[in-house]
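S.K.: Dropping the structure in here first, questions after.
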Amino acid sequence: MAKENFDDGFEVAGQKFNSRLLVGTGKYKDFEETAAAIEASGAEIVTVAVRRVNISDPSQPMLVDYVDPKKYTFLPNTAGCFTADDAVRTLRLAREAGGWNLVKLEVLGDEKTLYPKMIETLEAAQILLKDDFKVMVYCSDDPIMAKRLEDMGCHAIMPLAAPIGSGLGVQNPVTIRLIKEQSKVPVLVDAGVGTASDAVIAMELGCDGILMNTAIAAAKDPVKMAKSMKLGVEAGRLSYLAGRMPRKQYADPSSPLAGLI
């Protein structure tokens, strides 16, 4: 029997992807574990923290020796950048090193919260877009800011579910849903997912995808968790497409009561 296709993936910046799970490449014990977890996740897009992961020094172990850039779409990001200038400089260096135009922008406010600094995020996004980058942007879960980023020309909006690395899950489902409902570009939850049930919740809100790193890399068994997240994202998406039953205040029997023997 032919496999039924319940989902046809999503498109960002003119590129089509089947997997709605995007994964990071940091925090693993080594590149071997990184590669195994990515394989288990089924992800097609992998983020690379340009300032932290070796992608250009052949004298040291290189990510590209374990994760094939011909098989996966590398998404350079600006993790660790706290100013617009640093973020722009980092992504320009990444483009020189690997020719990447599709990038993930994040400008952080401080080291304690790692919350997005939205004023400088807007500034950096404007510069990068003028420089012909395809910008996927990490942002607060503020619908007004998200709309402004989209109106500027950003190619995907990526509101946080919870603080980076916290594993707290979706803290503000109402604002995430509002962002999704108003957006004409993909909306991907970025940061804060802790386990597969969190991934299901995010996808049931209608999000186009989820980006995660710590939830997989910091698990006791990252490879098993990667597989779990893959299934969670797929289940949540399928549940969203199916349309949940209405909530009711009182019981409603599964079998009709009329005609009982």
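To be explicit about the labels: the chains of the structure tokens are called A, B, and onward in the order shown, and within each one the residues are counted from 1, while ligands get numbers from 1 in the order they are shown.
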Fewer than 2 positions away in the same chain doesn't count, so skip those; otherwise give me all residues within 8 Å of Gly194 of chain A, counting only C-alpha atoms, as a list in words.
M.R.: Ser166, Gly167, Leu168, Gly169, Gly192, Ala196, Asp198, Thr214 and Ala215 of chain A
S.K.: Of the candidates A:Ser239, A:Thr113, A:Gln60, A:Thr34, which shows the shortest atom-to-atom distance to Ile216 of chain A, using only C-alpha atoms?
M.R.: A:Thr34
S.K.: Name the residues in contact with segment 123-127 of chain A at a cut-off of 12 Å, using only C-alpha atoms, excluding same-chain residues fewer than 6 positions from it; report them as a ChimeraX atom specification.
M.R.: /A:78,81-92,103-108,117,133-139,148-157
S.K.: If you measure from atom CA of Phe31 of chain A to atom CA of Gly98 of chain A, what distance in Å do you get, rounded to one decimal?
M.R.: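 Between atom CA of Phe31 of chain A and atom CA of Gly98 of chain A the gap is 19.0 Å.
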S.K.: Which residues, written as a VMD selection string, have at least one atom at most 7 Å from Met212 of chain A, with only C-alpha atoms counted and residues fewer than 5 positions away on the same chain left out?
M.R.: chain A and resid 22 to 24 190 to 191 193
S.K.: DSSP on the backbone: which residues in segment 120-249 of chain A end up as strand (DSSP E)? Give the answer as a list in words.
M.R.: Lys134, Val135, Met136, Val137, Tyr138, Cys139, Ala156, Ile157, Met158, Pro159, Leu188, Val189, Asp190, Gly209, Ile210, Leu211 and Met212 of chain A
S.K.: For atom CA of Glu234 of chain A and atom CA of Pro186 of chain A, quote the distance in Å rounded to one decimal.
M.R.: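 It comes out at 16.6 Å.
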S.K.: Determine which residues of segment 73-214 of chain A DSSP labels as alpha helix (DSSP H) from the backbone of this structure, then write them out as an MDAnalysis selection string.
M.R.: chainID A and resid 84:98 118:130 143:152 173:182 196:204 214
S.K.: Those residues you just picked out, can you put them in a file as a compact mmCIF listing (two decimals), in the first residue's frame with C-alpha atoms?
M.R.:
```txt
# COMPACT_ATOMS: atom_id res chain seq x y z
CA ALA A 84 23.42 44.44 15.51
CA ASP A 85 26.96 45.14 14.28
CA ASP A 86 28.27 41.81 15.59
CA ALA A 87 25.37 39.91 14.04
CA VAL A 88 25.78 41.51 10.63
CA ARG A 89 29.55 40.99 10.66
CA THR A 90 29.15 37.34 11.67
CA LEU A 91 26.75 36.54 8.86
CA ARG A 92 28.84 38.33 6.28
CA LEU A 93 31.80 36.19 7.35
CA ALA A 94 29.62 33.09 7.09
CA ARG A 95 28.63 33.98 3.55
CA GLU A 96 32.27 34.45 2.61
CA ALA A 97 33.17 31.09 4.18
CA GLY A 98 30.35 28.98 2.75
CA MET A 118 14.31 43.61 19.43
CA ILE A 119 15.49 47.14 18.61
CA GLU A 120 18.87 45.86 17.41
CA THR A 121 17.24 42.83 15.79
CA LEU A 122 15.21 45.22 13.63
CA GLU A 123 18.34 47.21 12.77
CA ALA A 124 20.33 44.12 11.83
CA ALA A 125 17.48 42.66 9.79
CA GLN A 126 17.18 45.83 7.74
CA ILE A 127 20.91 45.83 6.93
CA LEU A 128 20.97 42.12 6.04
CA LEU A 129 17.91 42.33 3.81
CA LYS A 130 19.46 45.22 1.89
CA PRO A 143 2.67 40.03 17.41
CA ILE A 144 3.38 43.72 16.75
CA MET A 145 7.15 43.19 16.48
CA ALA A 146 6.62 40.03 14.44
CA LYS A 147 4.45 41.95 11.95
CA ARG A 148 7.06 44.68 11.67
CA LEU A 149 9.77 42.13 10.87
CA GLU A 150 7.57 40.52 8.23
CA ASP A 151 6.72 43.90 6.69
CA MET A 152 10.45 44.64 6.43
CA PRO A 173 0.19 29.98 23.22
CA VAL A 174 -2.16 32.92 22.63
CA THR A 175 0.55 35.21 21.24
CA ILE A 176 2.12 32.42 19.19
CA ARG A 177 -1.27 31.75 17.61
CA LEU A 178 -1.80 35.45 16.93
CA ILE A 179 1.57 35.65 15.18
CA LYS A 180 0.73 32.63 13.06
CA GLU A 181 -2.71 33.94 12.11
CA GLN A 182 -1.36 37.30 10.91
CA ALA A 196 8.11 15.83 22.54
CA SER A 197 4.82 16.93 24.13
CA ASP A 198 6.01 20.55 23.89
CA ALA A 199 6.67 20.03 20.20
CA VAL A 200 3.15 18.66 19.73
CA ILE A 201 1.63 21.72 21.44
CA ALA A 202 3.63 24.14 19.28
CA MET A 203 2.62 22.37 16.09
CA GLU A 204 -1.04 22.13 17.13
CA THR A 214 19.25 21.89 23.80
```
S.K.: Counting only C-alpha atoms, which of A:Ala226, A:Lys70, A:Gly42, A:Ala35 gets nearest to Arg20 of chain A?
M.R.: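 Going through A:Ala226, A:Lys70, A:Gly42, A:Ala35 one by one, the smallest distance to Arg20 of chain A is for A:Gly42.
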S.K.: Could you please determine the separation between atom CA of Met229 of chain A and atom CA of Pro76 of chain A in Å, to one decimal place?
M.R.: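 Separation between atom CA of Met229 of chain A and atom CA of Pro76 of chain A: 21.8 Å.
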